[in-house]
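K.L.:
I'm passing along model05.cif; it holds mmCIF, C-alpha atoms and all ligand atoms.
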```
data_start
#
loop_
_atom_site.label_atom_id
_atom_site.label_comp_id
_atom_site.auth_asym_id
_atom_site.auth_seq_id
_atom_site.Cartn_x
_atom_site.Cartn_y
_atom_site.Cartn_z
CA MET Y 1 -5.87 -39.08 9.98
CA TYR Y 2 -7.71 -39.05 6.69
CA ASP Y 3 -11.28 -37.84 6.58
CA VAL Y 4 -14.20 -38.61 4.38
CA VAL Y 5 -16.10 -35.42 3.68
CA VAL Y 6 -18.93 -34.30 1.50
CA LEU Y 7 -18.33 -30.98 -0.18
CA PRO Y 8 -21.54 -29.04 -0.80
CA GLY Y 9 -21.98 -28.58 -4.53
CA HIS Y 10 -19.90 -31.68 -5.28
CA THR Y 11 -21.45 -34.99 -6.24
CA GLY Y 12 -18.82 -37.38 -4.88
CA TYR Y 13 -16.67 -37.76 -1.82
CA VAL Y 14 -13.26 -36.29 -1.41
CA ILE Y 15 -11.06 -38.53 0.68
CA ASP Y 16 -8.11 -36.74 2.14
CA MET Y 17 -7.03 -34.30 4.73
CA MET Y 18 -8.52 -30.83 5.13
CA VAL Y 19 -6.15 -28.25 6.58
CA LEU Y 20 -7.29 -24.92 7.96
CA VAL Y 21 -4.34 -22.52 7.80
CA ILE Y 22 -4.50 -19.59 10.24
CA ASN Y 23 -2.32 -16.47 10.15
CA SER Y 24 -3.16 -14.24 13.13
CA GLY Y 25 -2.12 -10.59 13.26
CA SER Y 26 -2.75 -8.17 16.11
CA SER Y 27 -6.08 -7.04 14.62
CA SER Y 28 -6.52 -9.50 11.77
CA LEU Y 29 -6.93 -13.22 11.19
CA LYS Y 30 -6.37 -14.69 7.72
CA TYR Y 31 -7.51 -18.20 6.86
CA GLN Y 32 -7.45 -20.72 4.05
CA LEU Y 33 -9.11 -24.11 3.94
CA ILE Y 34 -7.04 -26.44 1.76
CA GLU Y 35 -8.02 -29.91 0.55
CA MET Y 36 -4.77 -31.85 0.46
CA LYS Y 37 -5.48 -34.44 -2.20
CA THR Y 38 -5.69 -31.77 -4.89
CA GLU Y 39 -4.06 -29.02 -2.79
CA ARG Y 40 -7.00 -26.86 -3.79
CA VAL Y 41 -8.02 -23.81 -1.72
CA LEU Y 42 -11.72 -24.41 -1.04
CA ALA Y 43 -12.25 -21.10 0.72
CA LYS Y 44 -10.21 -18.27 2.13
CA GLY Y 45 -10.73 -14.99 3.87
CA LEU Y 46 -9.80 -12.44 6.44
CA CYS Y 47 -11.23 -11.09 9.69
CA GLU Y 48 -10.13 -7.51 9.99
CA ARG Y 49 -10.28 -4.80 12.63
CA ILE Y 50 -10.57 -7.39 15.43
CA GLY Y 51 -11.06 -5.53 18.71
CA LEU Y 52 -11.55 -2.24 16.84
CA ASP Y 53 -14.56 -0.39 15.47
CA GLN Y 54 -16.27 -1.67 12.31
CA PRO Y 55 -14.80 -5.18 12.27
CA ALA Y 56 -15.57 -7.30 9.20
CA LEU Y 57 -15.20 -10.78 7.81
CA LYS Y 58 -14.28 -11.02 4.12
CA HIS Y 59 -14.81 -14.52 2.76
CA THR Y 60 -14.34 -16.09 -0.65
CA LYS Y 61 -15.58 -19.53 -1.55
CA ASN Y 62 -13.60 -20.93 -4.46
CA GLY Y 63 -15.04 -19.45 -7.65
CA ASP Y 64 -17.65 -17.22 -5.95
CA PRO Y 65 -17.52 -13.44 -5.44
CA GLN Y 66 -16.24 -12.19 -2.08
CA VAL Y 67 -18.77 -11.90 0.76
CA VAL Y 68 -18.30 -9.13 3.33
CA LYS Y 69 -20.02 -9.39 6.72
CA GLN Y 70 -19.98 -6.81 9.50
CA LEU Y 71 -19.82 -8.88 12.69
CA ASP Y 72 -18.96 -8.55 16.36
CA LEU Y 73 -15.26 -9.48 16.32
CA SER Y 74 -14.17 -8.16 19.70
CA ASP Y 75 -11.40 -10.76 20.11
CA HIS Y 76 -9.68 -13.64 18.28
CA THR Y 77 -12.06 -16.27 19.73
CA LYS Y 78 -15.02 -14.40 18.22
CA ALA Y 79 -13.13 -14.11 14.92
CA MET Y 80 -12.34 -17.86 14.88
CA SER Y 81 -15.95 -18.61 15.69
CA ALA Y 82 -17.04 -16.44 12.73
CA VAL Y 83 -14.60 -18.30 10.46
CA ILE Y 84 -16.01 -21.69 11.49
CA SER Y 85 -19.58 -20.41 11.03
CA ILE Y 86 -18.95 -19.22 7.51
CA LEU Y 87 -16.99 -22.33 6.51
CA THR Y 88 -19.97 -24.47 7.57
CA ASP Y 89 -22.62 -22.02 6.33
CA LYS Y 90 -25.22 -23.51 3.95
CA GLU Y 91 -24.83 -20.73 1.39
CA HIS Y 92 -21.20 -19.61 1.64
CA GLY Y 93 -19.59 -22.62 3.31
CA VAL Y 94 -17.62 -25.51 1.86
CA ILE Y 95 -17.89 -28.14 4.64
CA THR Y 96 -20.85 -29.50 6.55
CA ASP Y 97 -19.27 -29.75 9.98
CA MET Y 98 -16.20 -28.28 11.65
CA ASN Y 99 -15.08 -31.84 12.44
CA ASP Y 100 -14.37 -32.14 8.71
CA ILE Y 101 -11.26 -30.07 9.42
CA SER Y 102 -8.48 -32.59 10.06
CA VAL Y 103 -5.87 -30.20 11.40
CA VAL Y 104 -5.29 -26.49 11.96
CA GLY Y 105 -1.91 -25.05 10.91
CA HIS Y 106 -0.87 -21.84 12.67
CA ARG Y 107 1.75 -19.50 11.27
CA ILE Y 108 3.91 -18.35 14.19
CA VAL Y 109 6.54 -15.70 13.57
CA HIS Y 110 9.10 -16.45 16.27
CA GLY Y 111 10.11 -19.85 17.57
CA GLY Y 112 13.35 -18.64 19.18
CA GLU Y 113 16.00 -21.34 19.49
CA LYS Y 114 13.56 -23.89 20.78
CA PHE Y 115 11.84 -24.79 17.52
CA THR Y 116 13.91 -26.09 14.64
CA ASP Y 117 10.89 -27.46 12.81
CA SER Y 118 7.11 -27.41 12.81
CA VAL Y 119 5.51 -29.08 15.84
CA LEU Y 120 2.21 -30.52 17.02
CA ILE Y 121 0.81 -28.05 19.52
CA ASP Y 122 0.32 -29.02 23.16
CA ASP Y 123 0.33 -26.92 26.36
CA GLU Y 124 4.12 -27.02 26.57
CA VAL Y 125 4.46 -25.71 23.01
CA VAL Y 126 2.09 -22.84 23.80
CA ASN Y 127 4.21 -22.01 26.88
CA GLU Y 128 7.37 -22.00 24.77
CA ILE Y 129 5.78 -19.71 22.16
CA GLU Y 130 4.75 -17.39 24.99
CA ASN Y 131 8.37 -17.45 26.21
CA CYS Y 132 9.40 -16.06 22.79
CA ILE Y 133 7.09 -13.04 23.12
CA GLU Y 134 9.99 -10.88 24.28
CA LEU Y 135 11.69 -11.57 20.92
CA ALA Y 136 8.58 -10.78 18.85
CA PRO Y 137 6.32 -8.59 20.99
CA LEU Y 138 4.08 -7.54 18.09
CA HIS Y 139 3.79 -10.87 16.31
CA ASN Y 140 3.74 -13.77 18.77
CA PRO Y 141 0.84 -12.63 21.02
CA PRO Y 142 -1.74 -12.73 18.19
CA GLY Y 143 -0.33 -16.12 17.15
CA VAL Y 144 -0.98 -17.43 20.67
CA SER Y 145 -4.48 -15.86 20.62
CA GLY Y 146 -5.25 -17.75 17.39
CA ILE Y 147 -4.13 -21.05 18.95
CA LYS Y 148 -6.13 -20.47 22.15
CA ALA Y 149 -9.24 -19.51 20.18
CA CYS Y 150 -9.06 -22.73 18.14
CA LYS Y 151 -8.49 -24.78 21.27
CA VAL Y 152 -11.69 -23.45 22.80
CA LEU Y 153 -13.77 -23.95 19.67
CA MET Y 154 -12.37 -27.22 18.34
CA PRO Y 155 -10.67 -28.94 21.31
CA ASN Y 156 -10.34 -32.31 19.58
CA THR Y 157 -8.74 -31.10 16.36
CA PRO Y 158 -4.94 -31.40 16.22
CA MET Y 159 -3.01 -28.18 15.69
CA VAL Y 160 0.43 -27.55 14.25
CA ALA Y 161 2.69 -24.52 14.70
CA VAL Y 162 4.82 -23.52 11.70
CA PHE Y 163 7.52 -20.97 12.53
CA ASP Y 164 9.08 -18.29 10.28
CA THR Y 165 12.34 -18.75 12.17
CA ALA Y 166 12.58 -22.57 12.28
CA PHE Y 167 14.15 -23.05 8.84
CA HIS Y 168 17.10 -20.86 9.83
CA GLN Y 169 18.03 -22.82 12.94
CA SER Y 170 20.56 -24.68 10.76
CA VAL Y 171 22.62 -21.48 10.34
CA PRO Y 172 26.02 -22.13 12.03
CA SER Y 173 27.09 -20.17 15.12
CA HIS Y 174 29.80 -18.18 13.32
CA ALA Y 175 27.01 -16.77 11.10
CA TYR Y 176 24.28 -16.34 13.69
CA LEU Y 177 26.31 -14.72 16.47
CA TYR Y 178 27.02 -10.99 16.56
CA ALA Y 179 30.43 -9.73 17.66
CA LEU Y 180 29.06 -8.45 20.97
CA PRO Y 181 30.17 -9.71 24.38
CA TYR Y 182 29.10 -13.38 24.50
CA GLU Y 183 26.99 -12.73 27.59
CA MET Y 184 24.52 -10.82 25.36
CA TYR Y 185 23.78 -14.16 23.69
CA GLU Y 186 23.77 -16.11 26.94
CA THR Y 187 21.61 -13.64 28.85
CA TYR Y 188 19.29 -12.17 26.24
CA ARG Y 189 19.55 -14.67 23.36
CA ILE Y 190 20.75 -11.88 21.06
CA ARG Y 191 21.62 -13.65 17.80
CA LYS Y 192 20.48 -13.88 14.19
CA TYR Y 193 17.15 -15.72 13.90
CA GLY Y 194 16.10 -14.94 10.33
CA PHE Y 195 12.52 -14.81 9.01
CA HIS Y 196 10.46 -15.76 5.91
CA GLY Y 197 11.68 -19.35 6.54
CA THR Y 198 8.51 -20.99 5.21
CA SER Y 199 8.86 -19.10 1.94
CA HIS Y 200 12.61 -19.75 1.52
CA LYS Y 201 12.06 -23.46 2.17
CA TYR Y 202 9.11 -23.68 -0.22
CA VAL Y 203 10.68 -21.89 -3.20
CA SER Y 204 14.06 -23.63 -2.83
CA GLY Y 205 12.22 -26.97 -2.79
CA ARG Y 206 10.31 -26.03 -5.93
CA ALA Y 207 13.52 -24.88 -7.66
CA ALA Y 208 15.16 -28.25 -6.94
CA GLU Y 209 12.09 -30.02 -8.35
CA LEU Y 210 12.15 -27.82 -11.47
CA MET Y 211 15.84 -28.69 -11.97
CA GLY Y 212 15.03 -32.38 -11.53
CA LYS Y 213 17.51 -32.60 -8.64
CA LYS Y 214 17.30 -33.80 -5.06
CA ILE Y 215 17.25 -30.79 -2.72
CA GLU Y 216 20.21 -32.35 -0.85
CA ASP Y 217 22.32 -31.92 -3.99
CA THR Y 218 21.60 -28.23 -4.60
CA LYS Y 219 23.03 -24.83 -3.71
CA ILE Y 220 20.33 -22.19 -4.10
CA VAL Y 221 20.05 -18.48 -3.21
CA THR Y 222 16.44 -17.50 -2.60
CA CYS Y 223 15.44 -13.83 -2.83
CA HIS Y 224 12.13 -13.11 -1.06
CA LEU Y 225 11.55 -9.52 -2.18
CA GLY Y 226 8.30 -8.06 -0.88
CA ASN Y 227 7.58 -5.12 1.35
CA GLY Y 228 9.71 -6.99 3.83
CA ALA Y 229 12.63 -8.63 2.03
CA SER Y 230 15.26 -11.23 2.81
CA ILE Y 231 17.72 -13.47 1.03
CA CYS Y 232 18.77 -16.96 2.07
CA ALA Y 233 21.65 -19.30 1.23
CA VAL Y 234 20.01 -22.73 1.01
CA ASN Y 235 22.68 -25.41 0.92
CA GLY Y 236 21.38 -28.95 0.43
CA GLY Y 237 17.91 -27.85 1.56
CA LYS Y 238 19.19 -26.21 4.76
CA SER Y 239 19.52 -22.51 5.53
CA MET Y 240 23.21 -21.63 5.87
CA ASP Y 241 22.75 -17.88 6.24
CA THR Y 242 20.07 -15.26 5.78
CA THR Y 243 19.93 -11.48 5.68
CA MET Y 244 17.37 -10.72 8.40
CA GLY Y 245 18.75 -10.96 11.89
CA PHE Y 246 17.69 -10.61 15.52
CA THR Y 247 14.65 -8.81 14.09
CA PRO Y 248 13.27 -8.37 10.54
CA LEU Y 249 14.98 -4.96 10.34
CA ALA Y 250 18.36 -6.27 9.18
CA GLY Y 251 19.78 -6.90 5.72
CA LEU Y 252 18.28 -5.48 2.55
CA ALA Y 253 16.74 -2.02 2.24
CA MET Y 254 12.98 -2.65 2.34
CA GLY Y 255 9.72 -0.78 1.78
CA THR Y 256 10.03 1.23 4.99
CA ARG Y 257 12.89 -0.55 6.83
CA CYS Y 258 16.49 0.61 6.62
CA GLY Y 259 18.17 -2.81 6.61
CA ASP Y 260 21.86 -2.86 7.55
CA ILE Y 261 23.36 0.41 8.74
CA ASP Y 262 26.39 1.30 10.85
CA PRO Y 263 25.03 0.67 14.38
CA ALA Y 264 26.63 3.90 15.64
CA ILE Y 265 24.10 5.83 13.53
CA VAL Y 266 21.35 4.75 15.94
CA THR Y 267 22.74 6.65 18.94
CA PHE Y 268 23.80 9.54 16.68
CA ILE Y 269 20.19 10.00 15.46
CA MET Y 270 18.86 9.66 19.02
CA ASN Y 271 21.12 12.50 20.14
CA LYS Y 272 20.46 14.74 17.14
CA LYS Y 273 16.67 14.31 17.09
CA ASN Y 274 16.20 13.79 20.82
CA TYR Y 275 14.56 10.44 20.14
CA THR Y 276 13.71 7.76 22.68
CA ALA Y 277 14.62 4.14 21.93
CA GLU Y 278 11.06 3.54 20.79
CA GLN Y 279 11.08 6.57 18.47
CA VAL Y 280 14.34 5.63 16.77
CA ASN Y 281 13.08 2.06 16.36
CA ASP Y 282 9.97 3.42 14.70
CA TYR Y 283 12.07 5.70 12.49
CA MET Y 284 14.15 2.81 11.18
CA ASN Y 285 11.21 0.45 10.76
CA LYS Y 286 8.52 2.72 9.34
CA GLN Y 287 10.09 5.82 7.82
CA SER Y 288 13.26 4.50 6.22
CA GLY Y 289 14.08 2.12 3.37
CA MET Y 290 12.66 2.85 -0.07
CA LEU Y 291 10.21 5.36 1.39
CA GLY Y 292 12.86 7.26 3.30
CA VAL Y 293 15.40 7.39 0.48
CA SER Y 294 13.00 8.15 -2.37
CA GLY Y 295 10.70 10.42 -0.37
CA ILE Y 296 7.93 9.12 -2.64
CA SER Y 297 6.46 5.83 -1.44
CA SER Y 298 7.28 2.41 -0.03
CA ASP Y 299 5.62 0.80 -3.05
CA PHE Y 300 8.05 -0.21 -5.77
CA ARG Y 301 5.49 0.56 -8.48
CA ASP Y 302 5.38 4.23 -7.47
CA ILE Y 303 9.17 4.42 -7.26
CA LEU Y 304 9.65 2.76 -10.67
CA LYS Y 305 7.21 5.24 -12.21
CA ALA Y 306 9.04 8.19 -10.64
CA ASP Y 307 12.36 6.78 -11.87
CA GLU Y 308 10.97 6.61 -15.42
CA GLU Y 309 9.97 10.25 -15.07
CA GLY Y 310 13.55 11.15 -14.17
CA ASN Y 311 13.27 11.46 -10.38
CA GLU Y 312 16.84 11.26 -9.05
CA ARG Y 313 16.00 9.99 -5.55
CA ALA Y 314 13.80 7.24 -6.98
CA LYS Y 315 16.78 6.14 -9.07
CA ILE Y 316 19.09 6.13 -6.02
CA ALA Y 317 16.57 4.07 -4.00
CA LEU Y 318 16.25 1.46 -6.77
CA ASP Y 319 20.01 1.36 -7.35
CA MET Y 320 20.54 0.86 -3.61
CA PHE Y 321 17.99 -1.95 -3.43
CA CYS Y 322 19.40 -3.85 -6.40
CA TYR Y 323 23.00 -3.29 -5.28
CA ARG Y 324 22.32 -5.01 -1.96
CA VAL Y 325 20.46 -7.90 -3.60
CA ARG Y 326 23.40 -8.41 -5.96
CA ASN Y 327 25.89 -8.23 -3.06
CA TYR Y 328 24.09 -10.90 -1.11
CA ILE Y 329 23.66 -13.25 -4.09
CA ALA Y 330 27.42 -13.11 -4.70
CA GLN Y 331 28.20 -13.35 -0.98
CA TYR Y 332 26.00 -16.40 -0.48
CA ALA Y 333 27.45 -18.15 -3.52
CA GLY Y 334 30.75 -17.71 -1.66
CA VAL Y 335 29.25 -18.93 1.62
CA MET Y 336 28.08 -22.15 -0.08
CA GLY Y 337 31.14 -22.52 -2.29
CA GLY Y 338 29.01 -22.80 -5.43
CA LEU Y 339 25.63 -22.03 -6.93
CA ASP Y 340 23.07 -24.00 -8.95
CA ALA Y 341 20.15 -21.58 -8.95
CA ILE Y 342 18.76 -18.31 -7.71
CA VAL Y 343 15.05 -17.75 -7.10
CA PHE Y 344 13.07 -14.51 -7.10
CA THR Y 345 9.81 -14.54 -5.17
CA ALA Y 346 7.20 -12.37 -3.31
CA GLY Y 347 5.54 -9.14 -4.55
CA VAL Y 348 8.59 -7.47 -6.06
CA GLY Y 349 10.54 -10.63 -6.96
CA GLU Y 350 7.60 -12.19 -8.78
CA ASN Y 351 6.32 -9.11 -10.57
CA ASN Y 352 9.26 -6.94 -11.42
CA PRO Y 353 11.53 -7.89 -14.36
CA PHE Y 354 13.48 -4.64 -13.99
CA ILE Y 355 14.54 -5.40 -10.40
CA ARG Y 356 15.48 -8.99 -11.35
CA SER Y 357 17.57 -7.78 -14.23
CA ARG Y 358 19.27 -4.97 -12.30
CA SER Y 359 20.00 -7.23 -9.32
CA THR Y 360 21.88 -9.73 -11.46
CA THR Y 361 24.00 -7.50 -13.68
CA ARG Y 362 27.73 -8.22 -13.27
CA LEU Y 363 26.92 -11.68 -11.89
CA GLY Y 364 27.76 -13.31 -15.23
CA PHE Y 365 31.08 -14.43 -13.71
CA LEU Y 366 29.08 -16.70 -11.37
CA GLY Y 367 27.19 -18.21 -14.31
CA ILE Y 368 24.00 -16.14 -13.90
CA GLU Y 369 22.58 -14.90 -17.22
CA ILE Y 370 19.02 -13.70 -17.70
CA ASP Y 371 17.13 -13.97 -20.99
CA GLU Y 372 15.22 -10.66 -21.12
CA ALA Y 373 12.38 -12.04 -23.27
CA LYS Y 374 11.74 -14.78 -20.70
CA ASN Y 375 12.25 -12.30 -17.85
CA ASN Y 376 9.40 -10.21 -19.26
CA THR Y 377 7.03 -13.20 -19.46
CA LYS Y 378 4.53 -13.42 -16.60
CA ALA Y 379 4.13 -16.90 -15.10
CA GLU Y 380 3.64 -18.58 -11.71
CA GLU Y 381 6.89 -20.48 -12.19
CA ILE Y 382 9.41 -19.77 -14.91
CA ASP Y 383 13.09 -20.31 -15.65
CA VAL Y 384 14.24 -16.93 -16.99
CA SER Y 385 17.88 -17.85 -17.62
CA THR Y 386 19.52 -18.08 -21.03
CA GLU Y 387 19.83 -21.60 -22.34
CA ASN Y 388 23.59 -21.71 -21.76
CA ALA Y 389 23.62 -20.12 -18.32
CA LYS Y 390 25.48 -22.29 -15.80
CA VAL Y 391 23.19 -21.11 -12.99
CA ARG Y 392 19.38 -21.25 -13.34
CA THR Y 393 17.42 -18.12 -12.47
CA PHE Y 394 13.83 -18.91 -11.48
CA VAL Y 395 10.81 -16.79 -10.73
CA ILE Y 396 8.60 -18.84 -8.40
CA ALA Y 397 5.41 -17.58 -6.78
CA THR Y 398 5.66 -18.23 -3.07
CA ASN Y 399 2.77 -19.97 -1.34
CA GLU Y 400 3.25 -19.88 2.42
CA GLU Y 401 -0.27 -21.19 3.16
CA LEU Y 402 0.26 -24.28 1.03
CA ALA Y 403 3.69 -24.77 2.59
CA ILE Y 404 2.09 -24.63 6.06
CA ALA Y 405 -0.62 -27.09 4.98
CA ARG Y 406 2.03 -29.50 3.68
CA GLU Y 407 3.95 -29.25 6.96
CA CYS Y 408 0.72 -30.21 8.77
CA LYS Y 409 0.16 -33.17 6.49
CA THR Y 410 3.74 -34.39 6.91
CA LEU Y 411 3.61 -34.06 10.70
CA LEU Y 412 0.29 -35.85 11.04
CA ALA Y 413 1.46 -38.63 8.76
CA LYS Y 414 4.30 -39.24 11.22
P1 LIG X 501 4.56 -8.21 2.07
O1 LIG X 501 3.94 -9.59 2.10
O2 LIG X 501 5.92 -8.15 2.69
O3 LIG X 501 3.65 -7.10 2.54
P2 LIG X 501 4.42 -8.52 -0.81
O4 LIG X 501 5.19 -9.76 -1.06
O5 LIG X 501 2.95 -8.57 -0.96
O6 LIG X 501 4.84 -7.85 0.56
O7 LIG X 501 4.99 -7.40 -1.80
C1 LIG X 501 4.44 -6.11 -1.81
C2 LIG X 501 5.23 -5.26 -2.76
O8 LIG X 501 5.25 -5.86 -4.06
C3 LIG X 501 4.60 -3.89 -2.97
O9 LIG X 501 5.23 -2.94 -2.15
C4 LIG X 501 4.88 -3.57 -4.41
O10 LIG X 501 5.90 -2.62 -4.45
C5 LIG X 501 5.43 -4.84 -5.02
N1 LIG X 501 4.73 -5.17 -6.26
C6 LIG X 501 3.57 -5.81 -6.42
N2 LIG X 501 3.26 -5.90 -7.74
C7 LIG X 501 4.27 -5.28 -8.41
C8 LIG X 501 4.56 -5.03 -9.78
N3 LIG X 501 3.75 -5.44 -10.74
N4 LIG X 501 5.71 -4.37 -10.07
C9 LIG X 501 6.52 -3.96 -9.10
N5 LIG X 501 6.33 -4.17 -7.81
C10 LIG X 501 5.22 -4.82 -7.46
#
```
Translate the structure described by the file into structure tokens.
Ligand code: ADP

P.N.:
Amino acid sequence: MYDVVVLPGHTGYVIDMMVLVINSGSSSLKYQLIEMKTERVLAKGLCERIGLDQPALKHTKNGDPQVVKQLDLSDHTKAMSAVISILTDKEHGVITDMNDISVVGHRIVHGGEKFTDSVLIDDEVVNEIENCIELAPLHNPPGVSGIKACKVLMPNTPMVAVFDTAFHQSVPSHAYLYALPYEMYETYRIRKYGFHGTSHKYVSGRAAELMGKKIEDTKIVTCHLGNGASICAVNGGKSMDTTMGFTPLAGLAMGTRCGDIDPAIVTFIMNKKNYTAEQVNDYMNKQSGMLGVSGISSDFRDILKADEEGNERAKIALDMFCYRVRNYIAQYAGVMGGLDAIVFTAGVGENNPFIRSRSTTRLGFLGIEIDEAKNNTKAEEIDVSTENAKVRTFVIATNEELAIARECKTLLAK
């Protein structure tokens, strides 16, 4: 499945696969076109406000300034059609024909228990993704819309679904089950699913490569710390446990999500504030976490600034965040019975030396030691541990789009 394509503005031929990566949200559709020989992003962009007023397509061709077009994007099919038009456009495009696209990779949030890996999409796969809608009512429907739109517009192009949950299907039952009556699992599939799987898999793979080891021979804790945040115990390249659960609300304190709390608090708040189930869900997802504790913002930059200015609640929020990260690193070292490396990634993990440093204090007994000069050096990928540290601490920029494109390439090669 290798194509020969002519790239406008290039003199020669590029001979390899072209992957269009699609990430559909309820009112947005992000895309990247990646050439797999060089793994270069040829173009990327975003359709926003799909189905709303003033929709727009924002497109960037590698090296050119961003183009913004106001278009009729009343649904995902129209948005996909706009993406194909601009990718093949004489002025802003990077391919001559949509058949130059070898495969489309779709990011799908929830694959339930059915999908343990990425899959080639057929009608049965679409049905199964639709069956998971109950588990991810906000995220899976736009994913299905993206797939259906592509199927209409490019019926002969293979498509691959890459799931956020799939990587965590290796978590054993004693870790994924909750101590509720077993019928809750049997009837409603209530269990830990975990999220950010594509990112945890990608950065743990990179860490193994940077250590010059086979992934099968490594024990790595990956810390994906963004607005949403989760930690994963990656043992021999497989997820053994992760902090998010049945939904992405569990685990760490996050930008606006509370993470783990005593479950009895939920009904207590409902009674005190006269909240419906939906209201309390909203409260825990959108008004809690760093925002709720600090009372300042969900953005770590604002909270760090307030902390520097002596704001007590900003300090508590940061202390709380780092305390939980540290807890889980130590816990997961215990889960795996050893540790070779930890990885910090995503917005906060990649950009914030203070959080990295604070989250690893007192972990010297595990062999984790950070070199502060290296920790303050900005790089896409860097080992920030002291030379003699027994455990490597890496900062690795996550790249979920590239990871999805690689999954597509691997699947098609099979
Ligand atoms: P998500 O994909 O979950 O929305 P990101 O991985 O993009 O989140 O991370 C967003 C967060 O990264 C922001 O809330 C911000 O607090 C944090 N962030 C970005 N840059 C910096 C920085 N230089 N220092 C501290 N935090 C940062």

K.L.:
Using only C-alpha atoms and all ligand atoms, can you tell me which of Y:Glu369, Y:Asp302, Y:Asp383, Y:Glu134 comes closest to ligand LIG 501 (chain X)?

P.N.:
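Looking only at the distances to ligand LIG 501 (chain X), the closest residue turns out to be Y:Asp302.
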
K.L.:
Would you mind listing the residues within 9 Å of ligand LIG 501 (chain X), counting only C-alpha atoms and all ligand atoms, as a PDB file with C-alpha atoms, in the coordinates of the input?

P.N.:
```pdb
ATOM      1  CA  HIS Y 224      12.130 -13.110  -1.060  1.00  0.00           C
ATOM      2  CA  LEU Y 225      11.550  -9.520  -2.180  1.00  0.00           C
ATOM      3  CA  GLY Y 226       8.300  -8.060  -0.880  1.00  0.00           C
ATOM      4  CA  ASN Y 227       7.580  -5.120   1.350  1.00  0.00           C
ATOM      5  CA  GLY Y 228       9.710  -6.990   3.830  1.00  0.00           C
ATOM      6  CA  ALA Y 229      12.630  -8.630   2.030  1.00  0.00           C
ATOM      7  CA  MET Y 254      12.980  -2.650   2.340  1.00  0.00           C
ATOM      8  CA  GLY Y 255       9.720  -0.780   1.780  1.00  0.00           C
ATOM      9  CA  SER Y 297       6.460   5.830  -1.440  1.00  0.00           C
ATOM     10  CA  SER Y 298       7.280   2.410  -0.030  1.00  0.00           C
ATOM     11  CA  ASP Y 299       5.620   0.800  -3.050  1.00  0.00           C
ATOM     12  CA  PHE Y 300       8.050  -0.210  -5.770  1.00  0.00           C
ATOM     13  CA  ARG Y 301       5.490   0.560  -8.480  1.00  0.00           C
ATOM     14  CA  ASP Y 302       5.380   4.230  -7.470  1.00  0.00           C
ATOM     15  CA  ILE Y 303       9.170   4.420  -7.260  1.00  0.00           C
ATOM     16  CA  LEU Y 304       9.650   2.760 -10.670  1.00  0.00           C
ATOM     17  CA  THR Y 345       9.810 -14.540  -5.170  1.00  0.00           C
ATOM     18  CA  ALA Y 346       7.200 -12.370  -3.310  1.00  0.00           C
ATOM     19  CA  GLY Y 347       5.540  -9.140  -4.550  1.00  0.00           C
ATOM     20  CA  VAL Y 348       8.590  -7.470  -6.060  1.00  0.00           C
ATOM     21  CA  GLY Y 349      10.540 -10.630  -6.960  1.00  0.00           C
ATOM     22  CA  GLU Y 350       7.600 -12.190  -8.780  1.00  0.00           C
ATOM     23  CA  ASN Y 351       6.320  -9.110 -10.570  1.00  0.00           C
ATOM     24  CA  ASN Y 352       9.260  -6.940 -11.420  1.00  0.00           C
ATOM     25  CA  PRO Y 353      11.530  -7.890 -14.360  1.00  0.00           C
ATOM     26  CA  PHE Y 354      13.480  -4.640 -13.990  1.00  0.00           C
ATOM     27  CA  ILE Y 355      14.540  -5.400 -10.400  1.00  0.00           C
ATOM     28  CA  THR Y 398       5.660 -18.230  -3.070  1.00  0.00           C
TER      29      THR Y 398
END
```

K.L.:
Please determine, counting all atoms listed in the file, which residue among Y:Ile342, Y:Ile50, Y:Val280, Y:Met270 has the shortest atom-to-atom distance to Thr222 of chain Y.

P.N.:
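Smallest separation from Thr222 of chain Y among the options: Y:Ile342.
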
K.L.:
Grab the atom CA of Thr198 of chain Y to atom CA of Lys61 of chain Y distance for me, in Å with one decimal place.

P.N.:
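That distance, rounded to one decimal, is 25.1 Å.
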
K.L.:
Would you mind listing what lies within 9 Å of Asn235 of chain Y as a PDB file with C-alpha atoms, in the frame of the given file, with only C-alpha atoms counted and same-chain residues fewer than 4 positions away left out?

P.N.:
```pdb
ATOM      1  CA  ILE Y 215      17.250 -30.790  -2.720  1.00  0.00           C
ATOM      2  CA  GLU Y 216      20.210 -32.350  -0.850  1.00  0.00           C
ATOM      3  CA  ASP Y 217      22.320 -31.920  -3.990  1.00  0.00           C
ATOM      4  CA  THR Y 218      21.600 -28.230  -4.600  1.00  0.00           C
ATOM      5  CA  LYS Y 219      23.030 -24.830  -3.710  1.00  0.00           C
ATOM      6  CA  ILE Y 220      20.330 -22.190  -4.100  1.00  0.00           C
ATOM      7  CA  VAL Y 221      20.050 -18.480  -3.210  1.00  0.00           C
ATOM      8  CA  SER Y 239      19.520 -22.510   5.530  1.00  0.00           C
ATOM      9  CA  MET Y 240      23.210 -21.630   5.870  1.00  0.00           C
ATOM     10  CA  MET Y 336      28.080 -22.150  -0.080  1.00  0.00           C
TER      11      MET Y 336
END
```

K.L.:
For Lys37 of chain Y, which of Y:Ile261, Y:Val109, Y:Met17, Y:Gly51 is the closest residue, counting all atoms listed in the file?

P.N.:
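Among the listed residues, the smallest separation from Lys37 of chain Y belongs to Y:Met17.
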
K.L.:
Can you list, as a compact mmCIF listing (two decimals) with C-alpha atoms, in the frame of the given file, every protein, DNA or RNA residue that comes within 6 Å of Val104 of chain Y when you count only C-alpha atoms, leaving out same-chain residues fewer than 4 positions away?

P.N.:
```
# COMPACT_ATOMS: atom_id res chain seq x y z
CA VAL Y 19 -6.15 -28.25 6.58
CA LEU Y 20 -7.29 -24.92 7.96
CA VAL Y 21 -4.34 -22.52 7.80
CA MET Y 159 -3.01 -28.18 15.69
```
